[in-house]
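> Contents of upload19.cif (mmCIF, C-alpha atoms and all ligand atoms) are below:
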```cif
data_protein
loop_
_atom_site.label_atom_id
_atom_site.label_comp_id
_atom_site.auth_asym_id
_atom_site.auth_seq_id
_atom_site.Cartn_x
_atom_site.Cartn_y
_atom_site.Cartn_z
CA MET A 1 17.87 13.42 -32.69
CA GLY A 2 15.49 11.82 -30.22
CA PRO A 3 12.82 9.33 -31.26
CA VAL A 4 10.13 10.87 -33.48
CA LYS A 5 7.24 8.46 -33.18
CA GLN A 6 4.35 10.00 -31.23
CA PHE A 7 1.91 8.14 -29.00
CA ASN A 8 -1.13 9.28 -27.10
CA ASN A 9 -0.44 10.02 -23.46
CA ILE A 10 1.43 7.18 -21.79
CA PRO A 11 0.71 7.49 -18.05
CA TYR A 12 2.88 5.92 -15.33
CA GLY A 13 0.01 3.63 -14.41
CA ARG A 14 -3.41 2.79 -15.79
CA GLN A 15 -6.25 0.43 -14.95
CA HIS A 16 -7.47 -2.27 -17.32
CA ILE A 17 -11.24 -2.89 -17.41
CA THR A 18 -12.58 -5.82 -19.44
CA ASP A 19 -16.10 -6.66 -20.63
CA GLU A 20 -16.21 -9.30 -17.89
CA ASP A 21 -15.47 -6.62 -15.29
CA ILE A 22 -18.30 -4.46 -16.65
CA ALA A 23 -20.71 -7.41 -16.70
CA ALA A 24 -19.85 -8.20 -13.07
CA VAL A 25 -20.69 -4.65 -11.99
CA ALA A 26 -23.88 -4.52 -14.09
CA GLU A 27 -25.08 -7.74 -12.51
CA VAL A 28 -24.83 -6.17 -9.05
CA LEU A 29 -26.77 -3.11 -10.22
CA ARG A 30 -29.65 -5.36 -11.32
CA GLY A 31 -29.70 -7.18 -7.98
CA PRO A 32 -31.00 -6.30 -4.52
CA PHE A 33 -27.73 -5.33 -2.78
CA LEU A 34 -25.69 -2.28 -3.63
CA THR A 35 -23.62 -2.25 -0.46
CA GLN A 36 -22.49 -5.12 1.81
CA GLY A 37 -24.09 -7.79 -0.36
CA PRO A 38 -22.72 -11.22 -1.26
CA HIS A 39 -19.84 -9.85 -3.35
CA ILE A 40 -18.13 -8.40 -0.27
CA GLY A 41 -17.76 -11.80 1.36
CA ALA A 42 -16.86 -13.45 -1.94
CA PHE A 43 -14.15 -10.86 -2.59
CA GLU A 44 -12.79 -11.17 0.94
CA THR A 45 -12.59 -14.97 0.65
CA ALA A 46 -11.00 -14.86 -2.79
CA PHE A 47 -8.46 -12.27 -1.65
CA SER A 48 -7.57 -14.30 1.45
CA ASN A 49 -6.96 -17.30 -0.81
CA TYR A 50 -4.81 -15.25 -3.17
CA ILE A 51 -2.69 -13.68 -0.43
CA GLY A 52 -2.63 -16.77 1.78
CA CYS A 53 -3.98 -15.14 4.94
CA GLN A 54 -6.81 -16.25 7.22
CA TYR A 55 -8.94 -13.10 7.29
CA SER A 56 -9.65 -10.23 4.90
CA ILE A 57 -11.79 -7.18 5.63
CA ALA A 58 -12.93 -5.08 2.66
CA VAL A 59 -13.10 -1.35 3.32
CA ALA A 60 -13.75 1.92 1.47
CA ASN A 61 -10.12 2.61 0.47
CA GLY A 62 -6.54 1.97 1.49
CA THR A 63 -6.43 5.03 3.71
CA ALA A 64 -9.52 3.88 5.61
CA ALA A 65 -7.80 0.50 5.99
CA LEU A 66 -4.76 2.18 7.56
CA HIS A 67 -6.95 4.28 9.84
CA LEU A 68 -8.94 1.30 11.12
CA CYS A 69 -5.75 -0.71 11.64
CA CYS A 70 -4.27 2.06 13.77
CA MET A 71 -7.48 2.15 15.83
CA ALA A 72 -7.50 -1.63 16.27
CA LEU A 73 -3.81 -1.58 17.26
CA GLY A 74 -4.62 0.95 19.96
CA VAL A 75 -3.00 4.08 18.52
CA THR A 76 -4.20 7.03 20.54
CA GLU A 77 -3.00 10.43 21.74
CA GLY A 78 0.76 10.25 22.21
CA THR A 79 1.30 6.75 20.73
CA ARG A 80 4.61 6.76 18.84
CA VAL A 81 4.86 4.94 15.52
CA ILE A 82 7.76 4.64 13.06
CA THR A 83 7.43 4.65 9.26
CA THR A 84 9.40 5.50 6.13
CA PRO A 85 9.63 8.95 4.55
CA ILE A 86 9.48 7.43 1.04
CA THR A 87 5.82 6.50 0.84
CA PHE A 88 2.43 7.98 0.12
CA SER A 89 1.54 10.25 3.03
CA ALA A 90 -1.41 8.04 4.07
CA SER A 91 1.11 5.58 5.61
CA ALA A 92 1.89 8.28 8.17
CA ASN A 93 -1.42 10.17 8.30
CA CYS A 94 -3.25 7.16 9.73
CA VAL A 95 -1.28 7.57 12.96
CA ARG A 96 -2.24 11.24 13.12
CA TYR A 97 -5.95 10.43 12.62
CA CYS A 98 -5.75 8.64 15.97
CA GLY A 99 -3.76 11.42 17.65
CA GLY A 100 -0.47 9.48 17.58
CA ASP A 101 2.98 10.84 16.80
CA VAL A 102 4.78 9.86 13.59
CA PHE A 103 8.51 9.14 13.66
CA PHE A 104 10.52 8.53 10.53
CA ALA A 105 13.70 6.55 9.94
CA ASP A 106 15.84 6.71 6.79
CA ILE A 107 15.67 4.37 3.81
CA ASP A 108 18.25 1.85 2.64
CA PRO A 109 19.56 3.19 -0.69
CA ALA A 110 19.95 -0.36 -2.03
CA THR A 111 16.19 -1.02 -1.83
CA ALA A 112 14.58 2.40 -1.17
CA LEU A 113 12.76 0.65 1.70
CA LEU A 114 12.70 1.58 5.38
CA ASP A 115 16.19 0.73 6.71
CA ILE A 116 15.85 -1.71 9.59
CA ASN A 117 19.20 -0.61 11.01
CA ALA A 118 18.03 3.00 11.11
CA VAL A 119 14.84 1.84 12.85
CA ARG A 120 16.84 -0.18 15.39
CA THR A 121 19.09 2.79 16.11
CA LEU A 122 16.06 5.02 16.60
CA ILE A 123 14.39 2.55 18.97
CA GLU A 124 17.54 1.98 20.99
CA LYS A 125 18.03 5.74 21.46
CA HIS A 126 14.87 5.85 23.56
CA PRO A 127 13.70 4.20 26.79
CA LYS A 128 11.88 0.86 26.66
CA GLY A 129 8.24 1.23 25.68
CA TYR A 130 8.77 4.59 23.96
CA PHE A 131 7.50 3.30 20.58
CA SER A 132 4.40 1.15 19.98
CA GLY A 133 4.60 0.05 16.37
CA ILE A 134 6.22 0.16 12.95
CA ILE A 135 4.55 0.69 9.56
CA PRO A 136 6.93 -0.71 6.91
CA VAL A 137 5.92 -0.09 3.29
CA ASP A 138 6.56 -2.47 0.37
CA PHE A 139 7.49 0.58 -1.67
CA ALA A 140 7.14 0.22 -5.47
CA GLY A 141 6.26 -3.46 -4.90
CA TYR A 142 9.57 -4.50 -3.36
CA PRO A 143 8.66 -6.63 -0.31
CA VAL A 144 10.11 -5.48 2.98
CA ASP A 145 12.06 -8.19 4.84
CA MET A 146 9.23 -8.59 7.30
CA ALA A 147 10.95 -11.54 9.02
CA ALA A 148 13.73 -9.21 10.14
CA PHE A 149 11.23 -6.56 11.19
CA ARG A 150 9.21 -9.19 13.11
CA GLU A 151 12.31 -10.12 15.07
CA LEU A 152 13.07 -6.49 15.87
CA ALA A 153 9.44 -5.79 16.78
CA ASP A 154 9.27 -8.81 19.10
CA GLU A 155 12.49 -7.76 20.80
CA HIS A 156 10.88 -4.44 21.70
CA GLY A 157 7.22 -5.40 22.08
CA LEU A 158 6.04 -3.51 18.99
CA TRP A 159 3.28 -4.27 16.53
CA LEU A 160 3.81 -4.34 12.74
CA LEU A 161 1.38 -2.89 10.20
CA GLU A 162 2.50 -3.64 6.64
CA ASP A 163 1.45 -1.13 3.98
CA SER A 164 1.23 -3.55 1.04
CA CYS A 165 -0.60 -1.20 -1.33
CA HIS A 166 2.19 -1.64 -3.89
CA SER A 167 2.83 -5.34 -3.45
CA PRO A 168 -0.10 -7.73 -3.94
CA GLY A 169 1.55 -10.93 -5.18
CA GLY A 170 5.01 -9.88 -4.02
CA SER A 171 6.94 -12.25 -1.76
CA PHE A 172 10.33 -12.99 -0.28
CA THR A 173 12.15 -16.04 1.01
CA ASP A 174 13.47 -15.67 4.55
CA THR A 175 16.80 -16.99 5.86
CA LYS A 176 15.07 -20.26 6.84
CA THR A 177 13.96 -20.58 3.17
CA ILE A 178 10.31 -20.02 4.10
CA ASP A 179 8.32 -18.08 1.51
CA HIS A 180 6.24 -15.11 2.70
CA ARG A 181 3.74 -13.39 0.46
CA CYS A 182 3.18 -9.71 1.31
CA GLY A 183 0.28 -9.40 3.75
CA ASP A 184 -0.11 -13.15 4.30
CA GLY A 185 -0.46 -12.70 8.06
CA SER A 186 2.61 -14.82 8.87
CA LEU A 187 4.75 -11.90 10.06
CA ALA A 188 3.01 -8.51 10.26
CA ASP A 189 0.03 -8.25 12.64
CA LEU A 190 -2.01 -6.50 9.97
CA ALA A 191 -1.48 -5.56 6.34
CA ILE A 192 -3.42 -3.29 4.04
CA PHE A 193 -4.05 -3.02 0.28
CA SER A 194 -5.62 -0.39 -1.99
CA TYR A 195 -7.87 -0.83 -5.02
CA HIS A 196 -7.32 2.67 -6.36
CA PRO A 197 -7.28 2.36 -10.18
CA VAL A 198 -3.54 2.91 -10.40
CA LYS A 199 -2.82 -0.10 -8.14
CA HIS A 200 -2.74 -3.78 -9.21
CA ILE A 201 -6.47 -4.36 -8.69
CA ALA A 202 -8.91 -1.56 -9.56
CA ALA A 203 -12.25 -1.24 -7.81
CA GLY A 204 -12.79 2.50 -8.35
CA GLU A 205 -11.92 3.09 -4.73
CA GLY A 206 -11.46 0.32 -2.23
CA GLY A 207 -9.14 -1.29 0.25
CA MET A 208 -8.50 -4.52 2.13
CA ILE A 209 -7.07 -5.40 5.51
CA THR A 210 -5.50 -8.85 5.91
CA THR A 211 -4.53 -10.68 9.10
CA ASN A 212 -4.26 -14.04 10.84
CA ASN A 213 -5.30 -12.50 14.17
CA GLU A 214 -8.91 -13.40 14.98
CA ALA A 215 -9.35 -10.81 17.72
CA LEU A 216 -8.13 -7.99 15.50
CA TYR A 217 -10.33 -9.31 12.67
CA LYS A 218 -13.48 -9.21 14.80
CA HIS A 219 -12.66 -5.77 16.12
CA LEU A 220 -12.03 -4.43 12.61
CA LEU A 221 -15.38 -5.76 11.37
CA ARG A 222 -17.10 -3.68 14.06
CA LEU A 223 -14.97 -0.58 13.43
CA ARG A 224 -15.79 -0.76 9.70
CA THR A 225 -19.49 -0.29 10.50
CA HIS A 226 -19.64 2.56 13.05
CA GLY A 227 -18.52 0.36 15.96
CA ILE A 228 -21.90 -1.37 15.90
CA THR A 229 -22.37 -5.08 16.52
CA ASN A 230 -25.50 -7.15 15.84
CA LYS A 231 -23.93 -10.39 17.08
CA PRO A 232 -25.76 -11.59 20.24
CA ALA A 233 -22.57 -13.22 21.58
CA GLU A 234 -20.98 -9.75 21.74
CA PHE A 235 -23.90 -7.96 23.43
CA THR A 236 -23.63 -6.44 26.90
CA GLU A 237 -25.92 -7.54 29.77
CA PRO A 238 -29.43 -6.03 29.70
CA TYR A 239 -29.90 -3.24 32.25
CA PRO A 240 -32.63 -3.61 34.91
CA GLY A 241 -36.02 -2.82 33.38
CA GLU A 242 -34.74 -2.87 29.78
CA PRO A 243 -37.53 -3.63 27.26
CA GLU A 244 -37.14 -7.15 25.89
CA ARG A 245 -34.60 -7.31 23.07
CA GLY A 246 -35.89 -8.42 19.66
CA GLY A 247 -34.45 -9.06 16.23
CA TRP A 248 -33.83 -5.32 15.78
CA TYR A 249 -31.39 -5.17 18.64
CA MET A 250 -27.84 -3.99 18.04
CA GLU A 251 -25.24 -2.10 20.03
CA LEU A 252 -22.94 0.80 19.31
CA GLN A 253 -20.01 -0.36 21.42
CA GLU A 254 -17.34 2.11 20.41
CA LEU A 255 -16.85 4.97 17.98
CA GLY A 256 -16.22 3.51 14.53
CA TYR A 257 -16.79 4.75 11.00
CA ASN A 258 -18.74 3.95 7.87
CA TYR A 259 -15.79 2.58 5.92
CA ARG A 260 -17.71 -0.09 4.01
CA LEU A 261 -17.02 -1.06 0.41
CA THR A 262 -19.98 -1.24 -1.98
CA ASP A 263 -21.02 -4.52 -3.60
CA MET A 264 -20.39 -2.96 -7.05
CA GLN A 265 -16.79 -2.25 -6.09
CA ALA A 266 -16.35 -5.72 -4.61
CA ALA A 267 -17.69 -7.31 -7.80
CA LEU A 268 -15.26 -5.25 -9.89
CA GLY A 269 -12.35 -6.05 -7.60
CA ASN A 270 -13.21 -9.73 -7.56
CA SER A 271 -13.47 -9.83 -11.35
CA GLN A 272 -10.04 -8.15 -11.61
CA LEU A 273 -8.63 -10.63 -9.10
CA THR A 274 -9.22 -13.48 -11.57
CA ARG A 275 -6.57 -11.89 -13.85
CA VAL A 276 -4.14 -10.78 -11.17
CA ASP A 277 -1.48 -13.45 -11.85
CA ALA A 278 -1.34 -12.62 -15.55
CA MET A 279 -1.20 -8.90 -14.80
CA LEU A 280 1.64 -9.41 -12.32
CA ALA A 281 3.56 -11.55 -14.81
CA ARG A 282 3.22 -8.78 -17.40
CA ARG A 283 4.47 -6.17 -14.91
CA GLN A 284 7.52 -8.35 -14.21
CA GLN A 285 8.14 -8.79 -17.93
CA ILE A 286 8.05 -5.02 -18.46
CA ALA A 287 10.43 -4.54 -15.52
CA LYS A 288 12.89 -7.06 -16.93
CA ARG A 289 12.94 -5.22 -20.24
CA TYR A 290 13.62 -1.90 -18.48
CA ASP A 291 16.33 -3.56 -16.35
CA ASP A 292 18.08 -4.89 -19.44
CA ALA A 293 17.74 -1.63 -21.37
CA PHE A 294 19.26 0.49 -18.59
CA ALA A 295 22.02 -1.93 -17.58
CA GLY A 296 25.42 -0.28 -17.99
CA THR A 297 23.96 3.20 -18.62
CA SER A 298 23.84 6.28 -16.40
CA VAL A 299 20.27 5.32 -15.44
CA THR A 300 20.23 3.70 -12.01
CA THR A 301 17.72 0.94 -11.28
CA ILE A 302 17.03 -1.25 -8.26
CA ILE A 303 17.14 -4.94 -9.11
CA PRO A 304 16.07 -7.25 -6.28
CA PRO A 305 17.93 -10.47 -5.40
CA ALA A 306 16.54 -13.87 -6.44
CA SER A 307 15.01 -14.36 -2.97
CA VAL A 308 12.58 -11.49 -3.69
CA THR A 309 9.53 -11.49 -5.97
CA HIS A 310 8.95 -7.83 -6.77
CA ALA A 311 5.34 -6.86 -7.53
CA TYR A 312 6.26 -3.75 -9.57
CA HIS A 313 3.49 -1.31 -8.79
CA LEU A 314 6.10 1.22 -9.90
CA TYR A 315 9.24 1.05 -11.99
CA VAL A 316 11.52 3.72 -10.55
CA ILE A 317 14.76 4.90 -12.13
CA GLN A 318 17.25 7.32 -10.58
CA VAL A 319 18.99 9.90 -12.75
CA ALA A 320 21.17 12.95 -12.11
CA ASP A 321 18.98 15.40 -14.07
CA ARG A 322 15.56 14.21 -12.98
CA LYS A 323 13.75 17.52 -13.63
CA GLY A 324 15.20 17.73 -17.13
CA LEU A 325 14.23 14.15 -17.93
CA TYR A 326 10.73 14.61 -16.48
CA ASP A 327 10.16 17.72 -18.62
CA SER A 328 11.61 16.09 -21.72
CA LEU A 329 9.39 13.01 -21.34
CA ARG A 330 6.30 15.24 -20.85
CA THR A 331 6.93 16.94 -24.18
CA GLN A 332 6.73 13.46 -25.71
CA ASN A 333 3.48 12.64 -23.85
CA ILE A 334 5.24 10.25 -21.50
CA MET A 335 3.70 11.04 -18.12
CA ALA A 336 6.46 9.85 -15.80
CA GLN A 337 5.87 10.68 -12.13
CA VAL A 338 7.82 11.24 -8.93
CA HIS A 339 7.28 8.79 -6.04
CA TYR A 340 7.65 10.23 -3.51
CA ILE A 341 8.35 13.65 -2.11
CA PRO A 342 9.60 12.62 1.36
CA VAL A 343 6.70 12.75 3.81
CA HIS A 344 8.79 14.37 6.57
CA LEU A 345 9.35 17.40 4.29
CA MET A 346 5.64 18.01 3.71
CA PRO A 347 4.57 21.30 5.33
CA TYR A 348 2.08 19.39 7.50
CA TYR A 349 4.90 17.26 8.99
CA ARG A 350 7.44 20.10 9.14
CA GLN A 351 5.32 21.62 11.93
CA PHE A 352 6.36 18.69 14.15
CA GLY A 353 10.02 19.59 13.77
CA TRP A 354 11.08 17.38 10.84
CA LYS A 355 13.39 19.22 8.49
CA PRO A 356 15.63 18.92 5.42
CA GLY A 357 18.75 16.92 6.23
CA ASP A 358 16.97 14.59 8.69
CA PHE A 359 17.02 11.63 6.28
CA PRO A 360 19.83 12.06 3.73
CA ASN A 361 19.19 8.77 1.88
CA ALA A 362 15.50 9.55 1.39
CA GLU A 363 16.28 13.09 0.28
CA HIS A 364 18.99 11.95 -2.14
CA TYR A 365 16.56 9.40 -3.56
CA TYR A 366 13.83 12.00 -3.96
CA ALA A 367 16.24 14.29 -5.86
CA ARG A 368 16.85 11.60 -8.49
CA CYS A 369 13.80 9.30 -8.71
CA LEU A 370 11.34 9.04 -11.59
CA SER A 371 8.62 6.41 -12.13
CA LEU A 372 8.40 5.22 -15.72
CA PRO A 373 5.19 3.84 -17.28
CA MET A 374 4.40 0.48 -15.65
CA PHE A 375 1.03 -1.16 -16.23
CA PRO A 376 -0.01 -4.49 -17.79
CA THR A 377 -1.47 -3.01 -21.00
CA LEU A 378 1.66 -0.99 -21.81
CA THR A 379 2.56 -2.20 -25.32
CA ASP A 380 6.04 -3.25 -26.42
CA ASP A 381 6.08 -0.34 -28.89
CA GLU A 382 5.16 2.12 -26.17
CA GLN A 383 7.85 0.71 -23.89
CA THR A 384 10.45 0.92 -26.66
CA PHE A 385 9.52 4.55 -27.14
CA VAL A 386 9.86 5.22 -23.40
CA ILE A 387 13.26 3.47 -23.23
CA ASP A 388 14.57 5.28 -26.31
CA SER A 389 13.35 8.62 -24.99
CA VAL A 390 15.00 8.09 -21.59
CA LEU A 391 18.30 6.96 -23.10
CA ALA A 392 18.28 9.74 -25.68
CA TYR A 393 18.05 12.27 -22.86
CA CYS A 394 20.47 10.59 -20.47
CA GLN A 395 23.33 9.79 -22.84
C1 LIG A 401 -2.44 4.21 -2.63
C2 LIG A 401 -1.72 4.12 -1.34
C3 LIG A 401 -2.38 4.30 -0.10
C4 LIG A 401 -3.79 4.77 0.03
O1 LIG A 401 -4.72 4.04 -0.67
P1 LIG A 401 -6.09 4.73 -1.13
O2 LIG A 401 -6.92 3.56 -1.56
O3 LIG A 401 -5.77 5.66 -2.25
O4 LIG A 401 -6.66 5.43 0.05
C5 LIG A 401 -1.64 4.09 1.06
N1 LIG A 401 -0.35 3.76 1.03
C6 LIG A 401 0.31 3.61 -0.13
C7 LIG A 401 1.76 3.24 -0.10
C8 LIG A 401 -0.34 3.80 -1.34
O5 LIG A 401 0.33 3.68 -2.49
#
```
Represent the structure from my file as structure tokens, please.

Amino acid sequence: MGPVKQFNNIPYGRQHITDEDIAAVAEVLRGPFLTQGPHIGAFETAFSNYIGCQYSIAVANGTAALHLCCMALGVTEGTRVITTPITFSASANCVRYCGGDVFFADIDPATALLDINAVRTLIEKHPKGYFSGIIPVDFAGYPVDMAAFRELADEHGLWLLEDSCHSPGGSFTDTKTIDHRCGDGSLADLAIFSYHPVKHIAAGEGGMITTNNEALYKHLLRLRTHGITNKPAEFTEPYPGEPERGGWYMELQELGYNYRLTDMQAALGNSQLTRVDAMLARRQQIAKRYDDAFAGTSVTTIIPPASVTHAYHLYVIQVADRKGLYDSLRTQNIMAQVHYIPVHLMPYYRQFGWKPGDFPNAEHYYARCLSLPMFPTLTDDEQTFVIDSVLAYCQ
């Protein structure tokens, strides 16, 4: 007999909107600015303070953030970039938007993160200058050892773009005992975050780019708004006979996009940011309870070492009969999910020659992984029900 208590749908992730959040959005709607008003700058500053970076650039969504980063890093036709197959496809697609070529390297089964040794092997198989950059992903909220990747990248003249969509608030201590928060600008050249409702901070849609690199920051500001600048210091020389320039003057200097965030979204994101520490603490508490419940059972979990602060966007278990468990949980309204189908096996990427068997660790992981409900408002009763249901099926 499995557990009998029934709950409404328990999703794998869910946003939490408070009355304060709603008031913050309503206030914007009553004011003069709906897009690019004062809440954008306020959100960017508050996020920089939270993450510990120098610059933040708010954009329309996490995918737009990745796209702009690839543009700013100079990805163009033929540029070769390495990422992980176990991620949301946007981590790879951004390279394709710019005409670049995506290369994958396998994951480390101990962390499910991009395996730096596999990346090194891949790089060393090719002539110097063959690759331009690496996009490591803090998958599930487990911070990549970006210090090690920085060293490898510097050795080979590569840039690093950290996809931190899963890891706001995550951090790790490097071998010199220095603490690095994900996206803090100390190691990766650029990092990106998403404010999709299922992520830590919900803004409806939304994204953020973080960096300590002033040149990249200025370039990204321009790319976010069509490639237009209205800053006189950035203007080109007037051409002979040009009508005198007035206050209206601006220049389209390169082809950018409209990837701006609205002021409503920034107000919502900023309001959520005030609770982010408490929400992260709750995620970690839920993870600890899952860890304890599954210890010594047939359910495999990934528990990070003490040097790592996991941000737990996802709580992923690995089981032999994943399909059976998924179906069983669905019949009990537990909406577990699979993260991720390996990107290299997607039909779109298969056309470039990637095929089953290319990345055995990623494919083995995909065959067994299942994300259990993980969000701050998950109740203890709901979590007990999830744990009991999983163990009832797996034992
Ligand atoms: C959510 C997500 C993205 C894309 O973010 P959007 O805001 O949905 O565009 C990119 N990478 C990863 C790893 C994500 O989880």
> Do you know which residues lie at most 12 Å from (-4.3, 8.0, 10.5), with coordinates as in the file and all atoms listed in the file counted, and could you write them as a ChimeraX atom specification?
/A:62-77,79,81,89-102,135
> For Leu34 in chain A, which residue out of A:Asp263, A:Asp115, A:Glu124, A:Asp358 is the nearest one, using only C-alpha atoms?
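Selected residue with least distance to Leu34 in chain A: A:Asp263.
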> Quick one: of A:Ile82, A:Leu325, A:Leu190, A:Ile116, who's nearest to Phe104 in chain A, counting only C-alpha atoms?
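Closest candidate: A:Ile82.
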> Around ligand LIG 401 (chain A), at most 10 Å away and counting all atoms listed in the file, which residues are there? Put them as a ChimeraX atom specification, please.
/A:59-67,86-94,136-141,162-167,192-199,202-208,313-314,339-340
> For Gln54 in chain A, please output as a list in words all residues within 8 Å (counting only C-alpha atoms; exclusion window: fewer than 4 positions along the same chain).
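Near Gln54 in chain A, the qualifying residues are Ser48, Asp184, Gly185, Thr210, Thr211 and Asn212 of chain A.
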> Mind checking which residues fall within 12 Å of Gly246 in chain A, counting all atoms listed in the file, ignoring those fewer than 4 positions away in the same chain, and posting them as a PyMOL selection string?
chain A and resi 230+232+242+250
> Would you pick out the contacts of Thr377 in chain A at 12 Å or less, using only C-alpha atoms, so that residues sharing its chain but fewer than 4 positions from it are not included, and give the list as a ChimeraX atom specification?
/A:10-18,200,278-283,285-286,373,381-383
> Measure the distance from CA of Arg275 in chain A to CA of Ala58 in chain A in Å and round it to one decimal.
19.0 Å
> Find, counting only C-alpha atoms, the residue in A:Arg260, A:Arg368, A:Lys125, A:Arg350 that gets nearest to Leu223 in chain A.
A:Arg260
> Do you have the CA of Gly169 in chain A-CA of Pro304 in chain A distance handy?
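Answer for the CA of Gly169 in chain A to CA of Pro304 in chain A separation: 15.0 Å.
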> Just the number, please: distance in Å from CA of Ala367 in chain A to CA of Ser298 in chain A, one decimal.
15.3 Å
> Tell me which residues come within 8 Å of (-5.3, -16.4, -5.7), as a VMD selection string, counting all atoms listed in the file in the file's coordinates.
chain A and resid 46 to 52 273 to 274 276 to 277
> Step by step: locate range 223-236 of chain A in the block above, keep N, CA, C and O atoms, then write the file as an mmCIF file, in the first residue's frame.

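out.cif was written with the following content:
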```cif
data_model
loop_
_atom_site.group_PDB
_atom_site.id
_atom_site.type_symbol
_atom_site.label_atom_id
_atom_site.label_comp_id
_atom_site.auth_asym_id
_atom_site.auth_seq_id
_atom_site.Cartn_x
_atom_site.Cartn_y
_atom_site.Cartn_z
ATOM 1 N N LEU A 223 23.793 47.051 -26.772
ATOM 2 C CA LEU A 223 23.173 45.926 -27.482
ATOM 3 C C LEU A 223 21.754 45.662 -27.000
ATOM 4 O O LEU A 223 20.904 45.211 -27.758
ATOM 5 N N ARG A 224 21.478 45.963 -25.726
ATOM 6 C CA ARG A 224 20.146 45.743 -25.154
ATOM 7 C C ARG A 224 19.104 46.651 -25.810
ATOM 8 O O ARG A 224 17.931 46.325 -25.877
ATOM 9 N N THR A 225 19.538 47.810 -26.271
ATOM 10 C CA THR A 225 18.625 48.763 -26.899
ATOM 11 C C THR A 225 19.050 49.000 -28.340
ATOM 12 O O THR A 225 19.570 50.057 -28.678
ATOM 13 N N HIS A 226 18.882 48.010 -29.183
ATOM 14 C CA HIS A 226 19.045 48.112 -30.639
ATOM 15 C C HIS A 226 20.476 48.329 -31.126
ATOM 16 O O HIS A 226 20.720 48.263 -32.326
ATOM 17 N N GLY A 227 21.411 48.615 -30.213
ATOM 18 C CA GLY A 227 22.748 49.030 -30.654
ATOM 19 C C GLY A 227 22.842 50.537 -30.761
ATOM 20 O O GLY A 227 23.766 51.071 -31.374
ATOM 21 N N ILE A 228 21.865 51.211 -30.131
ATOM 22 C CA ILE A 228 21.804 52.676 -30.175
ATOM 23 C C ILE A 228 22.484 53.259 -28.936
ATOM 24 O O ILE A 228 22.319 52.745 -27.831
ATOM 25 N N THR A 229 23.241 54.335 -29.136
ATOM 26 C CA THR A 229 23.764 55.083 -27.995
ATOM 27 C C THR A 229 23.273 56.525 -28.059
ATOM 28 O O THR A 229 23.135 57.099 -29.139
ATOM 29 N N ASN A 230 22.970 57.098 -26.888
ATOM 30 C CA ASN A 230 22.649 58.531 -26.810
ATOM 31 C C ASN A 230 23.671 59.252 -25.928
ATOM 32 O O ASN A 230 23.432 60.358 -25.458
ATOM 33 N N LYS A 231 24.826 58.583 -25.713
ATOM 34 C CA LYS A 231 25.872 59.182 -24.878
ATOM 35 C C LYS A 231 26.856 59.949 -25.764
ATOM 36 O O LYS A 231 27.578 59.334 -26.572
ATOM 37 N N PRO A 232 26.925 61.279 -25.617
ATOM 38 C CA PRO A 232 27.780 62.099 -26.485
ATOM 39 C C PRO A 232 29.225 61.598 -26.542
ATOM 40 O O PRO A 232 29.854 61.634 -27.604
ATOM 41 N N ALA A 233 29.736 61.081 -25.411
ATOM 42 C CA ALA A 233 31.134 60.625 -25.395
ATOM 43 C C ALA A 233 31.358 59.481 -26.377
ATOM 44 O O ALA A 233 32.489 59.240 -26.808
ATOM 45 N N GLU A 234 30.283 58.768 -26.740
ATOM 46 C CA GLU A 234 30.422 57.610 -27.630
ATOM 47 C C GLU A 234 30.134 57.953 -29.094
ATOM 48 O O GLU A 234 30.258 57.100 -29.975
ATOM 49 N N PHE A 235 29.729 59.201 -29.357
ATOM 50 C CA PHE A 235 29.323 59.555 -30.720
ATOM 51 C C PHE A 235 30.507 59.577 -31.677
ATOM 52 O O PHE A 235 31.639 59.861 -31.304
ATOM 53 N N THR A 236 30.241 59.322 -32.942
ATOM 54 C CA THR A 236 31.249 59.455 -33.994
ATOM 55 C C THR A 236 31.392 60.941 -34.361
ATOM 56 O O THR A 236 30.558 61.767 -33.990
#
```
